[in-house]
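Below: one structure, written as structure tokens.
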Amino acid sequence: MPSTNFNSGVYQKYIGIRDYYTELFIEKLSELVKWRPNGSILEVGCGTGDATLKYICPELPEDFSKLVCTDISEEMVKDTQKLFAEDPKVSCRVLDIGRDIEASEKDQFDQVLSLNCLMWVPNQKKAFQNLYDFLKPGGSCFLIFVCTASLWDVIFELISRPKWRKFVPHPKKIYPFPYRQDPNPVKTVTELMESIGFVNVKVEMRESKFLFRSKEEFMGFVKALPNPLDQMTLEEQDEYLKEAVDLAFSYENVIDQSGCDEKVSGTQLMAYGEK
């Protein structure tokens with residue numbers, strides 16, 4: 001079974017796509033979130049912490065009481081701990097938002113924030129229920145996550161080929177992306193949140209035109225993702241990456257090609273709701 005974790009050391013070198021996705025919606029954070037005095041904030045999916053520092057921290061009010069950064073990856077949590085070692089208001093812990101949470105953890109936070117994480121959670125209903133349960137009454141959540149991306153069409157087409165299928169027998173466990181083939185993801189997410197109990201729900205979708213600048217950047221990001229490369233021989237690894245690059249060029253909206261028009265390469269979702 002392929003690893004379900006990102007390679008944090010490699011990932012930090014190829015974060016252009018993450019920053020692009022985040023910046024599609026980050027202005028909505030200050031528009032929608034109503035910060036409470038001495039508020040407590042939970043971040044779900046902090047990664048290596050640099051996105052927290054770059055996008056979340058500048059928006060926090062000076063009087064916030066605590067920021068708890070969480071991620072399913074222990075390696076990434078350690079990276080975030082190092083980044084915020086000198087800040088007494090910031091703590092870090094491992095958390096799987098798709099699993100049951102303890103009763104003592106409920107009603108603990110005024111805000112829950114998540115940037116480009118939720119598309120990696122197979123059980124969306126459980127994840128959104130946990131987001132709701134973490135919030136204090138009247139608290140709110142602000143979420144950004146991927147809906148569709150040509151990058152993922154490349155990955156899914158690649159791993160469906162017979163010679164690679166044996167390395168990824170259960171693709172949706174490694175690459176959930178629950179709204180990738182949803183004809184109306186805005187409606188789906190809105191109804192899911194409202195069924196759980198969220199009010200004042202706002203869900204919006206925007207187009208992405210992100211292109212990798214080179215095949216090297218594309219390959220670097222593929223290596224940083226959860227992938228089956230560690231199960232392959234060196235020869236198979238080279239062949240797998242070559243086929244990934246060839247496929248990416250054939251899609252024409254994954255890797256920047258000189259003279260090509262700017263094309264839509266995917267869609268992003270922003271979701272906001274209050275408890």
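We name chains A, B, ... following the order of the structure tokens; residues begin at 1 in each chain, and ligands are numbered from 1 as shown.
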
Would you write out, as CSV, a table of all residues in region 2-80 of chain A that have an atom no more than 8 Å from an atom of region 131-153 of chain A, listing for each the closest atom pair and the distance in Å to one decimal, considering only C-alpha atoms and ordering rows by chain and rising residue number?
```
residue,atom,partner,partner_atom,distance
A:Tyr21,CA,A:Val146,CA,7.8
A:Thr22,CA,A:Ile144,CA,7.0
A:Phe25,CA,A:Ile144,CA,7.2
A:Leu29,CA,A:Phe142,CA,6.8
A:Val33,CA,A:Ser140,CA,6.9
A:Lys34,CA,A:Ser140,CA,7.8
```

**Message:** Can you tell me which residues surround Tyr55 (chain A) at a distance of at most 10 Å, considering only C-alpha atoms, apart from same-chain residues fewer than 6 positions away, and format the answer as a list in words?
**Reply:** Asp19, Thr22, Glu23, Ile26, Glu27, Leu29 and Leu115 of chain A

**Request:** Please provide as JSON, numbers by chain all residues within 8 Å of Lys78 (chain A), with the sequence filter that same-chain residues fewer than 4 positions apart are discarded (counting only C-alpha atoms).
**Result:** {"A": [48, 74, 82, 92]}

**Request:** Check the smallest atom-to-atom distance from each of A:Gln81, A:Thr52, A:Ser214, A:Thr70 to Ile255 (chain A) using only C-alpha atoms, then report the winner.
**Result:**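 Using only C-alpha atoms, Ile255 (chain A) sits closest to A:Ser214.
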
**Item:** All residues 12 Å or closer to Glu191 (chain A), only C-alpha atoms, same chain fewer than 5 positions away omitted, as number ranges by chain
**Value:** A: 125, 128, 184-186, 196-203, 271, 273

**Message:** Going by DSSP on the backbone, which residues of region 106-257 of chain A come out as helix (DSSP H, G or I)? List them as a PyMOL selection string.
**Reply:** chain A and resi 118-120+124-134+150-159+162-165+171-174+185-196+215-224+229-231+234-251

**Distance criterion (only C-alpha atoms): nearest to Asp79 (chain A) out of A:Glu252, A:Asp50, A:Glu235, A:Glu274** =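 When distances to Asp79 (chain A) are compared using only C-alpha atoms, the smallest one comes from A:Asp50.
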
**Item:** d(CA of Asp256 (chain A), CA of Leu211 (chain A)) in Å
**Value:** 5.3 Å

**Request:** Mind checking which residues fall within 10 Å of Trp164 (chain A), counting only C-alpha atoms, ignoring those fewer than 5 positions away in the same chain, and posting them as a VMD selection string?
**Result:** chain A and resid 158 to 159 169 228 232 236 240

**Complete:** Min atom-atom distance to Leu247 (chain A) from the set A:Tyr20, A:Phe218, A:Phe210, A:Trp120, counting only C-alpha atoms, belongs to A:Phe218

**Request:** Per DSSP on the backbone, filter region 14-167 of chain A down to the residues in strand (DSSP E or B) and report them as a ChimeraX atom specification.
**Result:** /A:40-44,66-71,90-94,109-115,135-149

Would you save the residues of that selection, restricted to N, CA, C and O atoms, as a compact mmCIF listing (two decimals), in the first residue's frame?
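Final output, saved to selection06.txt:
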```
# COMPACT_ATOMS: atom_id res chain seq x y z
N SER A 40 -10.20 31.47 20.60
CA SER A 40 -9.35 30.29 20.42
C SER A 40 -9.58 29.75 19.01
O SER A 40 -10.72 29.68 18.53
N ILE A 41 -8.49 29.39 18.34
CA ILE A 41 -8.55 28.99 16.93
C ILE A 41 -7.91 27.62 16.75
O ILE A 41 -6.84 27.34 17.29
N LEU A 42 -8.57 26.78 15.96
CA LEU A 42 -8.04 25.47 15.59
C LEU A 42 -7.77 25.47 14.09
O LEU A 42 -8.64 25.85 13.30
N GLU A 43 -6.56 25.07 13.70
CA GLU A 43 -6.28 24.88 12.29
C GLU A 43 -6.20 23.38 12.00
O GLU A 43 -5.47 22.64 12.67
N VAL A 44 -6.93 22.95 10.98
CA VAL A 44 -6.95 21.54 10.58
C VAL A 44 -6.15 21.41 9.29
O VAL A 44 -6.48 22.02 8.27
N LYS A 66 -5.33 31.53 21.78
CA LYS A 66 -4.50 30.40 21.38
C LYS A 66 -4.82 29.97 19.95
O LYS A 66 -5.94 30.14 19.47
N LEU A 67 -3.79 29.44 19.29
CA LEU A 67 -3.92 28.81 17.99
C LEU A 67 -3.36 27.41 18.10
O LEU A 67 -2.20 27.22 18.45
N VAL A 68 -4.22 26.41 17.82
CA VAL A 68 -3.79 25.02 17.87
C VAL A 68 -3.68 24.52 16.43
O VAL A 68 -4.69 24.44 15.71
N CYS A 69 -2.46 24.21 16.01
CA CYS A 69 -2.21 23.72 14.65
C CYS A 69 -2.19 22.19 14.65
O CYS A 69 -1.48 21.59 15.46
N THR A 70 -2.95 21.59 13.75
CA THR A 70 -3.03 20.13 13.72
C THR A 70 -2.83 19.60 12.31
O THR A 70 -3.11 20.27 11.32
N ASP A 71 -2.36 18.37 12.25
CA ASP A 71 -2.20 17.68 10.98
C ASP A 71 -2.19 16.19 11.25
O ASP A 71 -1.82 15.75 12.35
N VAL A 90 0.87 29.51 20.37
CA VAL A 90 0.69 28.49 19.34
C VAL A 90 1.14 27.13 19.86
O VAL A 90 2.25 27.00 20.38
N SER A 91 0.27 26.14 19.72
CA SER A 91 0.64 24.76 20.06
C SER A 91 0.30 23.86 18.87
O SER A 91 -0.45 24.25 17.97
N CYS A 92 0.87 22.66 18.86
CA CYS A 92 0.71 21.77 17.71
C CYS A 92 0.39 20.35 18.20
O CYS A 92 0.89 19.93 19.25
N ARG A 93 -0.41 19.64 17.43
CA ARG A 93 -0.74 18.26 17.79
C ARG A 93 -1.16 17.49 16.54
O ARG A 93 -1.58 18.07 15.54
N VAL A 94 -1.04 16.17 16.63
CA VAL A 94 -1.50 15.29 15.56
C VAL A 94 -3.01 15.11 15.68
O VAL A 94 -3.53 14.88 16.77
N PHE A 109 -13.45 25.63 20.55
CA PHE A 109 -12.83 26.67 19.73
C PHE A 109 -13.86 27.66 19.19
O PHE A 109 -14.99 27.29 18.86
N ASP A 110 -13.41 28.90 19.08
CA ASP A 110 -14.26 29.94 18.50
C ASP A 110 -14.23 29.89 16.98
O ASP A 110 -15.22 30.23 16.33
N GLN A 111 -13.09 29.54 16.42
CA GLN A 111 -12.96 29.41 14.97
C GLN A 111 -12.20 28.14 14.62
O GLN A 111 -11.27 27.75 15.32
N VAL A 112 -12.61 27.52 13.52
CA VAL A 112 -11.86 26.41 12.93
C VAL A 112 -11.51 26.81 11.50
O VAL A 112 -12.39 27.21 10.73
N LEU A 113 -10.23 26.72 11.16
CA LEU A 113 -9.74 27.11 9.84
C LEU A 113 -9.04 25.92 9.19
O LEU A 113 -8.40 25.11 9.86
N SER A 114 -9.17 25.82 7.87
CA SER A 114 -8.49 24.74 7.16
C SER A 114 -8.18 25.18 5.73
O SER A 114 -9.09 25.62 5.01
N LEU A 115 -6.92 25.06 5.34
CA LEU A 115 -6.48 25.46 4.00
C LEU A 115 -5.97 24.23 3.24
O LEU A 115 -4.98 23.62 3.62
N LEU A 135 -16.37 23.37 17.50
CA LEU A 135 -16.75 24.77 17.69
C LEU A 135 -17.59 24.99 18.94
O LEU A 135 -18.44 24.18 19.29
N LYS A 136 -17.36 26.13 19.57
CA LYS A 136 -18.25 26.61 20.61
C LYS A 136 -19.54 27.11 19.95
O LYS A 136 -19.53 27.47 18.76
N PRO A 137 -20.65 27.14 20.66
CA PRO A 137 -21.87 27.73 20.09
C PRO A 137 -21.60 29.15 19.60
O PRO A 137 -20.96 29.95 20.30
N GLY A 138 -22.02 29.44 18.38
CA GLY A 138 -21.77 30.75 17.80
C GLY A 138 -20.45 30.87 17.08
O GLY A 138 -20.18 31.88 16.43
N GLY A 139 -19.60 29.85 17.18
CA GLY A 139 -18.31 29.85 16.49
C GLY A 139 -18.48 29.61 15.00
O GLY A 139 -19.57 29.29 14.52
N SER A 140 -17.39 29.74 14.25
CA SER A 140 -17.48 29.61 12.80
C SER A 140 -16.29 28.86 12.23
O SER A 140 -15.22 28.79 12.84
N CYS A 141 -16.49 28.29 11.04
CA CYS A 141 -15.39 27.63 10.34
C CYS A 141 -15.20 28.27 8.97
O CYS A 141 -16.16 28.73 8.34
N PHE A 142 -13.95 28.31 8.53
CA PHE A 142 -13.59 28.83 7.21
C PHE A 142 -12.68 27.81 6.56
O PHE A 142 -11.63 27.46 7.09
N LEU A 143 -13.08 27.31 5.37
CA LEU A 143 -12.41 26.19 4.75
C LEU A 143 -12.12 26.47 3.28
O LEU A 143 -12.99 27.00 2.56
N ILE A 144 -10.93 26.12 2.82
CA ILE A 144 -10.59 26.17 1.41
C ILE A 144 -10.10 24.78 1.02
O ILE A 144 -9.27 24.19 1.71
N PHE A 145 -10.63 24.24 -0.09
CA PHE A 145 -10.16 22.93 -0.51
C PHE A 145 -10.39 22.71 -2.00
O PHE A 145 -11.20 23.40 -2.63
N VAL A 146 -9.66 21.76 -2.57
CA VAL A 146 -9.71 21.48 -4.00
C VAL A 146 -10.97 20.71 -4.35
O VAL A 146 -11.35 19.77 -3.67
N CYS A 147 -11.59 21.14 -5.45
CA CYS A 147 -12.72 20.39 -6.00
C CYS A 147 -12.22 19.50 -7.15
O CYS A 147 -12.25 18.29 -7.06
N THR A 148 -11.75 20.14 -8.22
CA THR A 148 -11.20 19.40 -9.36
C THR A 148 -9.85 19.98 -9.75
O THR A 148 -9.56 21.14 -9.45
N ALA A 149 -9.04 19.18 -10.41
CA ALA A 149 -7.75 19.66 -10.92
C ALA A 149 -7.26 18.70 -12.00
O ALA A 149 -7.33 17.48 -11.82
```

**Message:** Restricting the calculation to only C-alpha atoms: of A:Pro37, A:Phe177, A:Glu243, A:Leu118, which residue gets closest to Arg161 (chain A)?
**Reply:**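 With only C-alpha atoms as the atom set, the closest residue is A:Glu243.
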
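Nearest residue to Pro58 (chain A) among A:Ser30, A:Val264, A:Ser258, A:Lys242 is A:Ser30, counting only C-alpha atoms.
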
**Prompt:** So how many Å separate CA of Gln181 (chain A) and CA of Met119 (chain A), to one decimal?
**Reply:**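 These two atoms are separated by 12.5 Å.
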
**Item:** Ile101 (chain A) environment, 10 Å, only C-alpha atoms, sequence neighbours closer than 2 positions dropped, as a list in words
**Value:**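 Listing them by chain and then by number gives Leu95, Asp96, Ile97, Gly98, Arg99, Ala103, Ser104, Glu105, Lys106, Lys126, Gln129, Asn130, Asp133 and Phe134 of chain A.
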
**Prompt:** Separation of CA of Pro176 (chain A) and CA of Ala224 (chain A), in Å?
**Reply:**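 Going from CA of Pro176 (chain A) over to CA of Ala224 (chain A), I get 16.6 Å.
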
**Prompt:** Which residue, A:Glu62, A:Asp246, A:Glu207, A:Glu157, has the smallest gap to Asn38 (chain A) when you use only C-alpha atoms?
**Reply:** A:Glu62

**Message:** When you look at Met219 (chain A) with a cut-off of 9 Å (counting only C-alpha atoms), what residues show up, excluding the ones that are within fewer than 2 positions of it in the same chain? I need them as a list in words.
**Reply:** Ser214, Lys215, Glu216, Glu217, Phe221, Val222, Lys223, Ala224, Leu241, Lys242, Ala244 and Val245 of chain A
